[in-house]
Protein chains: 2
Amino acid sequence: MLAIDRPTNLRLDDQLCFALYAATNAVVRAYRPLLHEIGLTYPQYLVMLVLWQDGEHAVHEIADRLALPAHGLSPLLDRLEEAGLLARRRQAPDRRVVHVRLTAAGVELERAAAAVQRDVACQTQLAPDELDALREELHDLVRQLAPEAATGPISGTP
Amino acid sequence: MLAIDRPTNLRLDDQLCFALYAATNAVVRAYRPLLHEIGLTYPQYLVMLVLWQDGEHAVHEIADRLALPAHGLSPLLDRLEEAGLLARRRQAPDRRVVHVRLTAAGVELERAAAAVQRDVACQTQLAPDELDALREELHDLVRQLAPEAATGPISGTP
DNA sequence: CAGATAAACATCACGTGTGAGTTATTTCTC
DNA sequence: GAGAAATAACTCACACGTGATGTTTATCTG
């Protein structure tokens, strides 16, 4: 085999995308067993965060908040509803919109979730200011790559 | 309703885990359409990165490198093999191990992938040193959360 | 007002990441 | 050397995240 010149920018450990991928996997793996004990998956936990913080929401508002396309939330909300944590209903004046509201059990779960969050935050061994700095860098990255929301208007070339 | 005290640590935008989740999603969404043109998904691209860099590998070595459980790679490797990018074979002296090797087409694809990587890196609008710094912070986080599963050479506990 | 367009949500198919369980092979222990 | 334990890979079931498509409702346009 000849030693042809290979591209020089593809070393796995040099890829920011892989560092992100591995870090996200690691964090979710840290959360998973703790969330499992309170009956949530990680994406379900994120939806609950939105609802604990801001109260009732339309489905598409939750999706915007999480930078996800809305249509993936339907089965997830099905499971949370079946678990008795939230209720959905359509309502005038716009009957297209499904409003999502926590049940009493859903509200109550916040205390247990807060304990889970503290546990994982502790595992990271990061000082609050380091944590804030990293979070802000990631936020800037998202703004750079997706200035419009994930579900927003696509400005693709025709 | 009484204003009961709510946990104070659960604001969505304060969560590092959500910043990671959103950033990873954004980066993968940046890669997806470009990778689609060269016939790869994002996880398939990561596997190809490992093979382009280091040549032949056992399946469990690829999994270690990507910090993933090995058993999820089987169907992924099926697809890459079916696409003609790699070949697998068991081999003495240890016939449990499946060795994965790129085909000529798999090797050739590296040039197109390098162009994709440069495109996305450019979209981030990050200077190389900012990029390196962020990558290192994420790497530290992974080491903190999953010291056993750190990427790179595995230093198993004696 | 009628028809077209858009929005909100749901459904289906596919690839992935994970847990549980299987099979084949190797290595350890007696 | 025989049986037990460990290892490597695979399979199945489930929950996402995404693209394509459908249904219902609201809004825009003529």
# chains A, B, ... in the order shown; residues from 1 in each chain; ligands from 1
$ residues_around --residues "B:Glu61" --least-positions-apart "5" --cutoff "12 Å" --atoms "only C-alpha atoms (C1' of nucleotides)" --output "mmCIF file with N, CA and C atoms (P, O5', C5', C4', C3', O3' and C1' of nucleotides), in the first residue's frame"
data_model
loop_
_atom_site.group_PDB
_atom_site.id
_atom_site.type_symbol
_atom_site.label_atom_id
_atom_site.label_comp_id
_atom_site.auth_asym_id
_atom_site.auth_seq_id
_atom_site.Cartn_x
_atom_site.Cartn_y
_atom_site.Cartn_z
ATOM 1 N N VAL B 47 -17.954 5.808 13.789
ATOM 2 C CA VAL B 47 -17.275 4.521 13.614
ATOM 3 C C VAL B 47 -16.240 4.620 12.503
ATOM 4 N N VAL B 50 -13.030 6.207 13.625
ATOM 5 C CA VAL B 50 -12.138 5.286 14.327
ATOM 6 C C VAL B 50 -11.351 4.451 13.330
ATOM 7 N N LEU B 51 -12.040 3.967 12.308
ATOM 8 C CA LEU B 51 -11.379 3.060 11.361
ATOM 9 C C LEU B 51 -10.409 3.808 10.444
ATOM 10 N N ASP B 54 -7.202 4.491 12.788
ATOM 11 C CA ASP B 54 -6.373 3.447 13.374
ATOM 12 C C ASP B 54 -6.383 2.128 12.618
ATOM 13 N N GLY B 55 -7.060 2.064 11.483
ATOM 14 C CA GLY B 55 -7.071 0.815 10.732
ATOM 15 C C GLY B 55 -7.950 -0.239 11.359
ATOM 16 N N GLU B 56 -7.578 -1.501 11.192
ATOM 17 C CA GLU B 56 -8.402 -2.625 11.628
ATOM 18 C C GLU B 56 -8.626 -2.616 13.137
ATOM 19 N N LEU B 66 -15.459 4.763 21.375
ATOM 20 C CA LEU B 66 -16.601 5.668 21.294
ATOM 21 C C LEU B 66 -17.359 5.743 22.611
ATOM 22 N N ALA B 67 -16.860 5.038 23.630
ATOM 23 C CA ALA B 67 -17.517 5.030 24.932
ATOM 24 C C ALA B 67 -18.965 4.569 24.822
ATOM 25 N N LEU B 68 -19.149 3.499 24.067
ATOM 26 C CA LEU B 68 -20.484 2.914 23.894
ATOM 27 C C LEU B 68 -20.434 1.446 24.265
ATOM 28 N N PRO B 69 -21.566 0.865 24.719
ATOM 29 C CA PRO B 69 -21.612 -0.580 24.874
ATOM 30 C C PRO B 69 -21.523 -1.232 23.496
ATOM 31 N N ALA B 70 -20.784 -2.322 23.421
ATOM 32 C CA ALA B 70 -20.472 -2.915 22.123
ATOM 33 C C ALA B 70 -21.694 -3.461 21.398
ATOM 34 N N HIS B 71 -22.693 -3.902 22.162
ATOM 35 C CA HIS B 71 -23.746 -4.654 21.496
ATOM 36 C C HIS B 71 -24.636 -3.787 20.614
ATOM 37 N N LEU B 73 -23.449 -1.852 18.406
ATOM 38 C CA LEU B 73 -22.752 -1.643 17.135
ATOM 39 C C LEU B 73 -23.101 -2.685 16.071
ATOM 40 N N VAL B 97 -13.579 -12.973 18.624
ATOM 41 C CA VAL B 97 -13.417 -11.585 18.191
ATOM 42 C C VAL B 97 -13.749 -11.424 16.711
ATOM 43 N N VAL B 98 -14.574 -10.416 16.406
ATOM 44 C CA VAL B 98 -14.859 -10.060 15.015
ATOM 45 C C VAL B 98 -13.999 -8.855 14.644
ATOM 46 N N HIS B 99 -13.184 -9.016 13.640
ATOM 47 C CA HIS B 99 -12.307 -7.923 13.202
ATOM 48 C C HIS B 99 -12.963 -7.137 12.082
ATOM 49 N N VAL B 100 -12.901 -5.814 12.193
ATOM 50 C CA VAL B 100 -13.542 -4.936 11.228
ATOM 51 C C VAL B 100 -12.469 -4.214 10.424
ATOM 52 N N THR B 151 -12.430 7.780 27.099
ATOM 53 C CA THR B 151 -12.019 7.425 25.744
ATOM 54 C C THR B 151 -10.509 7.304 25.705
ATOM 55 N N GLY B 152 -10.029 6.689 24.626
ATOM 56 C CA GLY B 152 -8.599 6.498 24.489
ATOM 57 C C GLY B 152 -8.194 5.161 25.082
ATOM 58 N N PRO B 153 -6.905 4.966 25.249
ATOM 59 C CA PRO B 153 -6.410 3.680 25.754
ATOM 60 C C PRO B 153 -7.050 3.335 27.080
ATOM 61 N N ILE B 154 -7.506 2.123 27.206
ATOM 62 C CA ILE B 154 -8.215 1.702 28.405
ATOM 63 C C ILE B 154 -7.203 1.258 29.457
ATOM 64 P P DA D 8 -13.480 -9.194 25.654
ATOM 65 O "O5'" DA D 8 -14.323 -9.731 24.422
ATOM 66 C "C5'" DA D 8 -13.734 -10.668 23.532
ATOM 67 C "C4'" DA D 8 -14.662 -10.932 22.366
ATOM 68 C "C3'" DA D 8 -15.334 -9.688 21.791
ATOM 69 O "O3'" DA D 8 -15.204 -9.692 20.384
ATOM 70 C "C1'" DA D 8 -16.975 -11.283 22.454
#
$ calpha_fit_and_write --fixed "chain A" --moving "chain B" --output "PDB file with C-alpha atoms, in the first residue's frame"
ATOM      1  CA  MET B   1       1.360  -2.101   0.842  1.00  0.00           C
ATOM      2  CA  LEU B   2       2.256   1.454   0.007  1.00  0.00           C
ATOM      3  CA  ALA B   3       1.927   4.105   2.679  1.00  0.00           C
ATOM      4  CA  ILE B   4      -0.724   6.198   0.952  1.00  0.00           C
ATOM      5  CA  ASP B   5      -1.499   9.576   2.426  1.00  0.00           C
ATOM      6  CA  ARG B   6      -4.431   9.432   4.762  1.00  0.00           C
ATOM      7  CA  PRO B   7      -6.644  12.378   5.584  1.00  0.00           C
ATOM      8  CA  THR B   8      -5.212  14.134   8.596  1.00  0.00           C
ATOM      9  CA  ASN B   9      -8.376  15.451  10.179  1.00  0.00           C
ATOM     10  CA  LEU B  10     -10.083  12.251  11.296  1.00  0.00           C
ATOM     11  CA  ARG B  11      -8.411  11.326  14.581  1.00  0.00           C
ATOM     12  CA  LEU B  12     -11.218  10.299  16.929  1.00  0.00           C
ATOM     13  CA  ASP B  13      -9.937  12.248  19.909  1.00  0.00           C
ATOM     14  CA  ASP B  14      -9.649  15.404  17.813  1.00  0.00           C
ATOM     15  CA  GLN B  15     -13.329  15.382  16.905  1.00  0.00           C
ATOM     16  CA  LEU B  16     -15.493  17.881  18.726  1.00  0.00           C
ATOM     17  CA  CYS B  17     -18.501  15.865  17.657  1.00  0.00           C
ATOM     18  CA  PHE B  18     -17.188  12.820  19.494  1.00  0.00           C
ATOM     19  CA  ALA B  19     -16.354  14.844  22.605  1.00  0.00           C
ATOM     20  CA  LEU B  20     -19.946  16.071  22.593  1.00  0.00           C
ATOM     21  CA  TYR B  21     -21.311  12.599  21.986  1.00  0.00           C
ATOM     22  CA  ALA B  22     -19.261  11.072  24.789  1.00  0.00           C
ATOM     23  CA  ALA B  23     -20.012  13.904  27.214  1.00  0.00           C
ATOM     24  CA  THR B  24     -23.744  13.749  26.577  1.00  0.00           C
ATOM     25  CA  ASN B  25     -23.695   9.995  27.049  1.00  0.00           C
ATOM     26  CA  ALA B  26     -21.772  10.397  30.299  1.00  0.00           C
ATOM     27  CA  VAL B  27     -24.152  13.008  31.673  1.00  0.00           C
ATOM     28  CA  VAL B  28     -27.234  11.030  30.724  1.00  0.00           C
ATOM     29  CA  ARG B  29     -25.693   7.960  32.346  1.00  0.00           C
ATOM     30  CA  ALA B  30     -25.173  10.004  35.501  1.00  0.00           C
ATOM     31  CA  TYR B  31     -28.825  11.036  35.500  1.00  0.00           C
ATOM     32  CA  ARG B  32     -30.361   7.708  34.521  1.00  0.00           C
ATOM     33  CA  PRO B  33     -30.241   5.739  37.790  1.00  0.00           C
ATOM     34  CA  LEU B  34     -31.371   8.756  39.813  1.00  0.00           C
ATOM     35  CA  LEU B  35     -34.212   9.586  37.440  1.00  0.00           C
ATOM     36  CA  HIS B  36     -35.205   5.938  37.377  1.00  0.00           C
ATOM     37  CA  GLU B  37     -35.934   6.158  41.098  1.00  0.00           C
ATOM     38  CA  ILE B  38     -38.497   8.895  40.461  1.00  0.00           C
ATOM     39  CA  GLY B  39     -39.939   7.131  37.418  1.00  0.00           C
ATOM     40  CA  LEU B  40     -38.542   9.263  34.603  1.00  0.00           C
ATOM     41  CA  THR B  41     -36.276   8.696  31.622  1.00  0.00           C
ATOM     42  CA  TYR B  42     -33.930  11.476  30.636  1.00  0.00           C
ATOM     43  CA  PRO B  43     -35.982  12.845  27.711  1.00  0.00           C
ATOM     44  CA  GLN B  44     -39.081  12.659  29.907  1.00  0.00           C
ATOM     45  CA  TYR B  45     -37.192  14.710  32.493  1.00  0.00           C
ATOM     46  CA  LEU B  46     -36.502  17.376  29.862  1.00  0.00           C
ATOM     47  CA  VAL B  47     -40.189  17.582  28.988  1.00  0.00           C
ATOM     48  CA  MET B  48     -41.027  17.894  32.665  1.00  0.00           C
ATOM     49  CA  LEU B  49     -38.467  20.708  32.996  1.00  0.00           C
ATOM     50  CA  VAL B  50     -40.350  22.647  30.329  1.00  0.00           C
ATOM     51  CA  LEU B  51     -43.680  22.102  32.044  1.00  0.00           C
ATOM     52  CA  TRP B  52     -42.416  22.877  35.548  1.00  0.00           C
ATOM     53  CA  GLN B  53     -40.943  26.104  34.321  1.00  0.00           C
ATOM     54  CA  ASP B  54     -43.632  27.511  32.087  1.00  0.00           C
ATOM     55  CA  GLY B  55     -46.875  25.716  32.897  1.00  0.00           C
ATOM     56  CA  GLU B  56     -49.291  24.615  30.183  1.00  0.00           C
ATOM     57  CA  HIS B  57     -47.918  24.160  26.682  1.00  0.00           C
ATOM     58  CA  ALA B  58     -48.962  22.966  23.260  1.00  0.00           C
ATOM     59  CA  VAL B  59     -47.070  19.905  22.076  1.00  0.00           C
ATOM     60  CA  HIS B  60     -45.270  21.826  19.334  1.00  0.00           C
ATOM     61  CA  GLU B  61     -44.150  24.440  21.877  1.00  0.00           C
ATOM     62  CA  ILE B  62     -42.507  21.764  24.016  1.00  0.00           C
ATOM     63  CA  ALA B  63     -40.813  20.414  20.896  1.00  0.00           C
ATOM     64  CA  ASP B  64     -39.540  23.875  19.922  1.00  0.00           C
ATOM     65  CA  ARG B  65     -38.223  24.423  23.421  1.00  0.00           C
ATOM     66  CA  LEU B  66     -36.257  21.155  23.284  1.00  0.00           C
ATOM     67  CA  ALA B  67     -35.176  21.635  19.667  1.00  0.00           C
ATOM     68  CA  LEU B  68     -36.824  18.373  18.662  1.00  0.00           C
ATOM     69  CA  PRO B  69     -39.299  17.488  15.918  1.00  0.00           C
ATOM     70  CA  ALA B  70     -42.723  17.370  17.522  1.00  0.00           C
ATOM     71  CA  HIS B  71     -43.804  14.001  16.247  1.00  0.00           C
ATOM     72  CA  GLY B  72     -41.372  12.128  18.477  1.00  0.00           C
ATOM     73  CA  LEU B  73     -43.077  13.466  21.563  1.00  0.00           C
ATOM     74  CA  SER B  74     -46.365  11.648  21.093  1.00  0.00           C
ATOM     75  CA  PRO B  75     -45.325   8.272  22.550  1.00  0.00           C
ATOM     76  CA  LEU B  76     -43.270  10.012  25.250  1.00  0.00           C
ATOM     77  CA  LEU B  77     -46.289  12.056  26.332  1.00  0.00           C
ATOM     78  CA  ASP B  78     -48.377   8.874  26.226  1.00  0.00           C
ATOM     79  CA  ARG B  79     -46.110   7.407  28.895  1.00  0.00           C
ATOM     80  CA  LEU B  80     -46.080  10.497  31.072  1.00  0.00           C
ATOM     81  CA  GLU B  81     -49.850  10.667  30.842  1.00  0.00           C
ATOM     82  CA  GLU B  82     -50.170   6.995  31.712  1.00  0.00           C
ATOM     83  CA  ALA B  83     -47.901   7.625  34.705  1.00  0.00           C
ATOM     84  CA  GLY B  84     -50.387  10.251  35.859  1.00  0.00           C
ATOM     85  CA  LEU B  85     -47.974  13.157  35.600  1.00  0.00           C
ATOM     86  CA  LEU B  86     -49.787  15.165  32.944  1.00  0.00           C
ATOM     87  CA  ALA B  87     -53.049  15.478  31.023  1.00  0.00           C
ATOM     88  CA  ARG B  88     -53.707  16.386  27.405  1.00  0.00           C
ATOM     89  CA  ARG B  89     -56.721  17.931  25.782  1.00  0.00           C
ATOM     90  CA  ARG B  90     -57.727  19.625  22.584  1.00  0.00           C
ATOM     91  CA  GLN B  91     -59.486  22.894  23.033  1.00  0.00           C
ATOM     92  CA  ALA B  92     -61.178  25.710  21.123  1.00  0.00           C
ATOM     93  CA  PRO B  93     -60.489  27.906  19.324  1.00  0.00           C
ATOM     94  CA  ASP B  94     -57.870  25.791  17.507  1.00  0.00           C
ATOM     95  CA  ARG B  95     -58.809  22.159  17.815  1.00  0.00           C
ATOM     96  CA  ARG B  96     -55.660  20.957  16.066  1.00  0.00           C
ATOM     97  CA  VAL B  97     -53.559  21.900  19.096  1.00  0.00           C
ATOM     98  CA  VAL B  98     -53.148  19.466  21.994  1.00  0.00           C
ATOM     99  CA  HIS B  99     -52.527  21.275  25.267  1.00  0.00           C
ATOM    100  CA  VAL B 100     -50.381  19.571  27.882  1.00  0.00           C
ATOM    101  CA  ARG B 101     -50.837  20.317  31.585  1.00  0.00           C
ATOM    102  CA  LEU B 102     -49.249  18.844  34.680  1.00  0.00           C
ATOM    103  CA  THR B 103     -51.379  16.998  37.184  1.00  0.00           C
ATOM    104  CA  ALA B 104     -50.904  17.535  40.917  1.00  0.00           C
ATOM    105  CA  ALA B 105     -48.572  14.523  40.931  1.00  0.00           C
ATOM    106  CA  GLY B 106     -46.607  16.058  38.092  1.00  0.00           C
ATOM    107  CA  VAL B 107     -46.215  19.338  39.951  1.00  0.00           C
ATOM    108  CA  GLU B 108     -45.230  17.514  43.120  1.00  0.00           C
ATOM    109  CA  LEU B 109     -42.461  15.599  41.354  1.00  0.00           C
ATOM    110  CA  GLU B 110     -40.460  18.785  40.843  1.00  0.00           C
ATOM    111  CA  ARG B 111     -39.035  18.664  44.370  1.00  0.00           C
ATOM    112  CA  ALA B 112     -37.584  15.178  43.853  1.00  0.00           C
ATOM    113  CA  ALA B 113     -36.233  16.177  40.440  1.00  0.00           C
ATOM    114  CA  ALA B 114     -34.484  19.178  41.948  1.00  0.00           C
ATOM    115  CA  ALA B 115     -32.650  16.855  44.326  1.00  0.00           C
ATOM    116  CA  VAL B 116     -31.567  14.700  41.386  1.00  0.00           C
ATOM    117  CA  GLN B 117     -30.307  17.747  39.512  1.00  0.00           C
ATOM    118  CA  ARG B 118     -28.266  18.922  42.503  1.00  0.00           C
ATOM    119  CA  ASP B 119     -26.758  15.459  42.866  1.00  0.00           C
ATOM    120  CA  VAL B 120     -25.556  15.332  39.262  1.00  0.00           C
ATOM    121  CA  ALA B 121     -24.383  18.957  39.256  1.00  0.00           C
ATOM    122  CA  CYS B 122     -22.298  18.053  42.278  1.00  0.00           C
ATOM    123  CA  GLN B 123     -20.818  15.031  40.488  1.00  0.00           C
ATOM    124  CA  THR B 124     -19.490  17.269  37.726  1.00  0.00           C
ATOM    125  CA  GLN B 125     -17.263  19.035  40.257  1.00  0.00           C
ATOM    126  CA  LEU B 126     -17.532  22.188  38.183  1.00  0.00           C
ATOM    127  CA  ALA B 127     -17.707  25.627  39.731  1.00  0.00           C
ATOM    128  CA  PRO B 128     -20.833  27.566  38.791  1.00  0.00           C
ATOM    129  CA  ASP B 129     -18.919  29.965  36.570  1.00  0.00           C
ATOM    130  CA  GLU B 130     -17.125  27.175  34.714  1.00  0.00           C
ATOM    131  CA  LEU B 131     -20.480  25.517  34.254  1.00  0.00           C
ATOM    132  CA  ASP B 132     -22.032  28.711  32.907  1.00  0.00           C
ATOM    133  CA  ALA B 133     -19.139  29.295  30.529  1.00  0.00           C
ATOM    134  CA  LEU B 134     -19.327  25.800  29.080  1.00  0.00           C
ATOM    135  CA  ARG B 135     -23.077  26.054  28.727  1.00  0.00           C
ATOM    136  CA  GLU B 136     -22.751  29.320  26.839  1.00  0.00           C
ATOM    137  CA  GLU B 137     -20.157  27.923  24.453  1.00  0.00           C
ATOM    138  CA  LEU B 138     -22.484  25.041  23.665  1.00  0.00           C
ATOM    139  CA  HIS B 139     -25.385  27.397  23.176  1.00  0.00           C
ATOM    140  CA  ASP B 140     -23.318  29.411  20.689  1.00  0.00           C
ATOM    141  CA  LEU B 141     -22.462  26.239  18.836  1.00  0.00           C
ATOM    142  CA  VAL B 142     -26.132  25.333  18.516  1.00  0.00           C
ATOM    143  CA  ARG B 143     -26.931  28.814  17.228  1.00  0.00           C
ATOM    144  CA  GLN B 144     -24.207  28.442  14.649  1.00  0.00           C
ATOM    145  CA  LEU B 145     -25.324  25.027  13.421  1.00  0.00           C
ATOM    146  CA  ALA B 146     -29.086  25.462  13.697  1.00  0.00           C
ATOM    147  CA  PRO B 147     -29.916  29.176  13.665  1.00  0.00           C
ATOM    148  CA  GLU B 148     -33.561  28.432  12.861  1.00  0.00           C
ATOM    149  CA  ALA B 149     -33.986  25.841  15.566  1.00  0.00           C
ATOM    150  CA  ALA B 150     -32.390  27.805  18.398  1.00  0.00           C
ATOM    151  CA  THR B 151     -33.926  27.169  21.772  1.00  0.00           C
ATOM    152  CA  GLY B 152     -36.001  29.806  23.466  1.00  0.00           C
ATOM    153  CA  PRO B 153     -38.488  32.136  21.816  1.00  0.00           C
ATOM    154  CA  ILE B 154     -38.799  31.342  18.147  1.00  0.00           C
ATOM    155  CA  SER B 155     -38.048  34.246  15.857  1.00  0.00           C
ATOM    156  CA  GLY B 156     -39.435  32.983  12.617  1.00  0.00           C
ATOM    157  CA  THR B 157     -38.153  34.633   9.461  1.00  0.00           C
ATOM    158  CA  PRO B 158     -40.765  37.095   8.192  1.00  0.00           C
TER     159      PRO B 158
END
$ select_by_dssp --residues "stretch 41-139 of chain B" --states "alpha helix (DSSP H)" --output "ChimeraX atom specification"
/B:42-54,59-66,73-82,104-124,128-139
$ atom_distance --atom1 "atom C1' of D:DT18" --atom2 "atom C1' of C:DT5"
24.7 Å
$ atom_distance --atom1 "atom C1' of D:DG22" --atom2 "atom C1' of C:DT11"
7.7 Å
$ residues_around --residues "C:DT22" --least-positions-apart "3" --cutoff "12 Å" --atoms "only C-alpha atoms (C1' of nucleotides)" --output "number ranges by chain"
D: 9-12
$ write_last_selection --atoms "N, CA and C atoms (P, O5', C5', C4', C3', O3' and C1' of nucleotides)" --output "CSV table (one decimal), in the first residue's frame"
chain,number,residue,atom,x,y,z
D,9,DA,P,-15.7,-8.4,19.6
D,9,DA,O5',-17.2,-8.9,19.1
D,9,DA,C5',-17.3,-10.0,18.3
D,9,DA,C4',-18.7,-10.5,18.3
D,9,DA,C3',-19.8,-9.6,17.8
D,9,DA,O3',-20.2,-10.0,16.5
D,9,DA,C1',-20.5,-10.8,19.7
D,10,DC,P,-21.3,-9.1,15.6
D,10,DC,O5',-22.7,-9.8,16.1
D,10,DC,C5',-22.9,-11.2,16.0
D,10,DC,C4',-24.2,-11.5,16.7
D,10,DC,C3',-25.4,-10.8,16.3
D,10,DC,O3',-26.3,-11.7,15.6
D,10,DC,C1',-25.3,-11.1,18.7
D,11,DT,P,-27.7,-11.1,14.9
D,11,DT,O5',-28.8,-11.2,16.0
D,11,DT,C5',-29.1,-12.5,16.6
D,11,DT,C4',-30.2,-12.3,17.6
D,11,DT,C3',-31.4,-11.4,17.1
D,11,DT,O3',-32.6,-12.2,17.3
D,11,DT,C1',-30.7,-10.8,19.3
D,12,DC,P,-34.0,-11.6,16.7
D,12,DC,O5',-34.7,-10.9,18.0
D,12,DC,C5',-34.9,-11.7,19.2
D,12,DC,C4',-35.5,-10.9,20.3
D,12,DC,C3',-36.6,-10.0,19.9
D,12,DC,O3',-37.7,-10.1,20.8
D,12,DC,C1',-34.9,-8.8,21.1
$ atom_distance --atom1 "atom C1' of C:DC1" --atom2 "atom C1' of D:DC28"
13.4 Å
$ closest_residue --among "C:DC30, C:DA10, C:DA24, C:DG3" --to "chain B" --atoms "only C-alpha atoms (C1' of nucleotides)"
C:DA24
$ closest_atom_pairs --of "chain C" --to "chain A" --cutoff "12 Å" --atoms "only C-alpha atoms (C1' of nucleotides)" --output "CSV"
residue,atom,partner,partner_atom,distance
C:DA7,C1',A:Arg96,CA,8.0
C:DA8,C1',A:Arg96,CA,5.1
C:DC9,C1',A:Arg96,CA,7.1
C:DA10,C1',A:Ser74,CA,7.0
C:DT11,C1',A:His71,CA,9.5
C:DG17,C1',A:Asn25,CA,9.2
C:DT18,C1',A:Arg29,CA,9.8
C:DG19,C1',A:Pro33,CA,11.6
$ write_last_selection --atoms "N, CA and C atoms (P, O5', C5', C4', C3', O3' and C1' of nucleotides)" --output "PDB file, in the first residue's frame"
ATOM      1  P    DA C   7     -47.335  28.652   9.293  1.00  0.00           P
ATOM      2  O5'  DA C   7     -48.144  27.965  10.477  1.00  0.00           O
ATOM      3  C5'  DA C   7     -49.225  28.680  11.061  1.00  0.00           C
ATOM      4  C4'  DA C   7     -49.943  27.785  12.031  1.00  0.00           C
ATOM      5  C3'  DA C   7     -49.028  26.977  12.936  1.00  0.00           C
ATOM      6  O3'  DA C   7     -49.461  27.139  14.272  1.00  0.00           O
ATOM      7  C1'  DA C   7     -50.591  25.554  11.869  1.00  0.00           C
ATOM      8  P    DA C   8     -48.599  26.532  15.507  1.00  0.00           P
ATOM      9  O5'  DA C   8     -49.403  25.218  15.877  1.00  0.00           O
ATOM     10  C5'  DA C   8     -50.694  25.336  16.434  1.00  0.00           C
ATOM     11  C4'  DA C   8     -51.208  23.960  16.791  1.00  0.00           C
ATOM     12  C3'  DA C   8     -50.178  23.094  17.535  1.00  0.00           C
ATOM     13  O3'  DA C   8     -50.796  22.496  18.666  1.00  0.00           O
ATOM     14  C1'  DA C   8     -50.963  21.962  15.613  1.00  0.00           C
ATOM     15  P    DC C   9     -49.885  21.751  19.751  1.00  0.00           P
ATOM     16  O5'  DC C   9     -50.117  20.228  19.363  1.00  0.00           O
ATOM     17  C5'  DC C   9     -51.434  19.704  19.426  1.00  0.00           C
ATOM     18  C4'  DC C   9     -51.561  18.491  18.559  1.00  0.00           C
ATOM     19  C3'  DC C   9     -50.718  17.287  18.977  1.00  0.00           C
ATOM     20  O3'  DC C   9     -51.532  16.393  19.723  1.00  0.00           O
ATOM     21  C1'  DC C   9     -50.920  17.537  16.593  1.00  0.00           C
ATOM     22  P    DA C  10     -50.864  15.015  20.257  1.00  0.00           P
ATOM     23  O5'  DA C  10     -51.029  14.020  19.034  1.00  0.00           O
ATOM     24  C5'  DA C  10     -52.332  13.733  18.540  1.00  0.00           C
ATOM     25  C4'  DA C  10     -52.253  12.831  17.327  1.00  0.00           C
ATOM     26  C3'  DA C  10     -51.505  11.512  17.555  1.00  0.00           C
ATOM     27  O3'  DA C  10     -52.345  10.430  17.225  1.00  0.00           O
ATOM     28  C1'  DA C  10     -50.739  12.594  15.579  1.00  0.00           C
ATOM     29  P    DT C  11     -51.848   8.928  17.510  1.00  0.00           P
ATOM     30  O5'  DT C  11     -51.205   8.454  16.122  1.00  0.00           O
ATOM     31  C5'  DT C  11     -51.976   8.522  14.934  1.00  0.00           C
ATOM     32  C4'  DT C  11     -51.187   7.957  13.769  1.00  0.00           C
ATOM     33  C3'  DT C  11     -50.392   6.685  14.075  1.00  0.00           C
ATOM     34  O3'  DT C  11     -50.632   5.745  13.044  1.00  0.00           O
ATOM     35  C1'  DT C  11     -48.987   8.299  13.093  1.00  0.00           C
ATOM     36  P    DG C  17     -25.883   5.599  18.913  1.00  0.00           P
ATOM     37  O5'  DG C  17     -26.635   5.229  20.252  1.00  0.00           O
ATOM     38  C5'  DG C  17     -27.095   6.261  21.097  1.00  0.00           C
ATOM     39  C4'  DG C  17     -27.625   5.679  22.378  1.00  0.00           C
ATOM     40  C3'  DG C  17     -26.651   4.778  23.134  1.00  0.00           C
ATOM     41  O3'  DG C  17     -26.747   5.095  24.518  1.00  0.00           O
ATOM     42  C1'  DG C  17     -28.638   3.583  22.653  1.00  0.00           C
ATOM     43  P    DT C  18     -25.954   4.257  25.616  1.00  0.00           P
ATOM     44  O5'  DT C  18     -27.070   3.261  26.128  1.00  0.00           O
ATOM     45  C5'  DT C  18     -28.189   3.784  26.831  1.00  0.00           C
ATOM     46  C4'  DT C  18     -29.080   2.660  27.308  1.00  0.00           C
ATOM     47  C3'  DT C  18     -28.352   1.569  28.084  1.00  0.00           C
ATOM     48  O3'  DT C  18     -28.908   1.470  29.377  1.00  0.00           O
ATOM     49  C1'  DT C  18     -29.786   0.639  26.437  1.00  0.00           C
ATOM     50  P    DG C  19     -28.200   0.553  30.484  1.00  0.00           P
ATOM     51  O5'  DG C  19     -29.228  -0.655  30.652  1.00  0.00           O
ATOM     52  C5'  DG C  19     -30.579  -0.393  30.985  1.00  0.00           C
ATOM     53  C4'  DG C  19     -31.387  -1.665  30.895  1.00  0.00           C
ATOM     54  C3'  DG C  19     -30.752  -2.865  31.605  1.00  0.00           C
ATOM     55  O3'  DG C  19     -31.754  -3.549  32.346  1.00  0.00           O
ATOM     56  C1'  DG C  19     -31.167  -3.392  29.335  1.00  0.00           C
TER      57       DG C  19
END
$ select_by_dssp --residues "stretch 14-146 of chain A" --states "strand (DSSP E or B)" --output "ChimeraX atom specification"
/A:57-58,86-90,98-102
$ closest_atom_pairs --of "chain D" --to "chain A" --cutoff "9 Å" --atoms "only C-alpha atoms (C1' of nucleotides)" --output "JSON lines"
{"residue": "D:DA15", "atom": "C1'", "partner": "A:Leu76", "partner_atom": "CA", "distance": 8.3}
{"residue": "D:DC16", "atom": "C1'", "partner": "A:Pro43", "partner_atom": "CA", "distance": 8.0}
{"residue": "D:DG17", "atom": "C1'", "partner": "A:Gly72", "partner_atom": "CA", "distance": 6.7}
{"residue": "D:DT18", "atom": "C1'", "partner": "A:Gly72", "partner_atom": "CA", "distance": 8.1}
{"residue": "D:DT24", "atom": "C1'", "partner": "A:Arg96", "partner_atom": "CA", "distance": 7.1}
{"residue": "D:DT25", "atom": "C1'", "partner": "A:Arg96", "partner_atom": "CA", "distance": 5.5}
{"residue": "D:DA26", "atom": "C1'", "partner": "A:Asp94", "partner_atom": "CA", "distance": 7.3}
$ write_last_selection --atoms "C-alpha atoms (C1' of nucleotides)" --output "JSON list (two decimals), in the first residue's frame"
[["chain", "number", "residue", "atom", "x", "y", "z"],
["D", 15, "DA", "C1'", -37.84, 4.74, 24.15],
["D", 16, "DC", "C1'", -36.18, 8.44, 21.54],
["D", 17, "DG", "C1'", -35.23, 11.74, 17.46],
["D", 18, "DT", "C1'", -36.24, 12.38, 12.67],
["D", 24, "DT", "C1'", -58.24, 18.57, 12.10],
["D", 25, "DT", "C1'", -58.73, 23.39, 12.79],
["D", 26, "DA", "C1'", -57.67, 28.22, 11.95]]
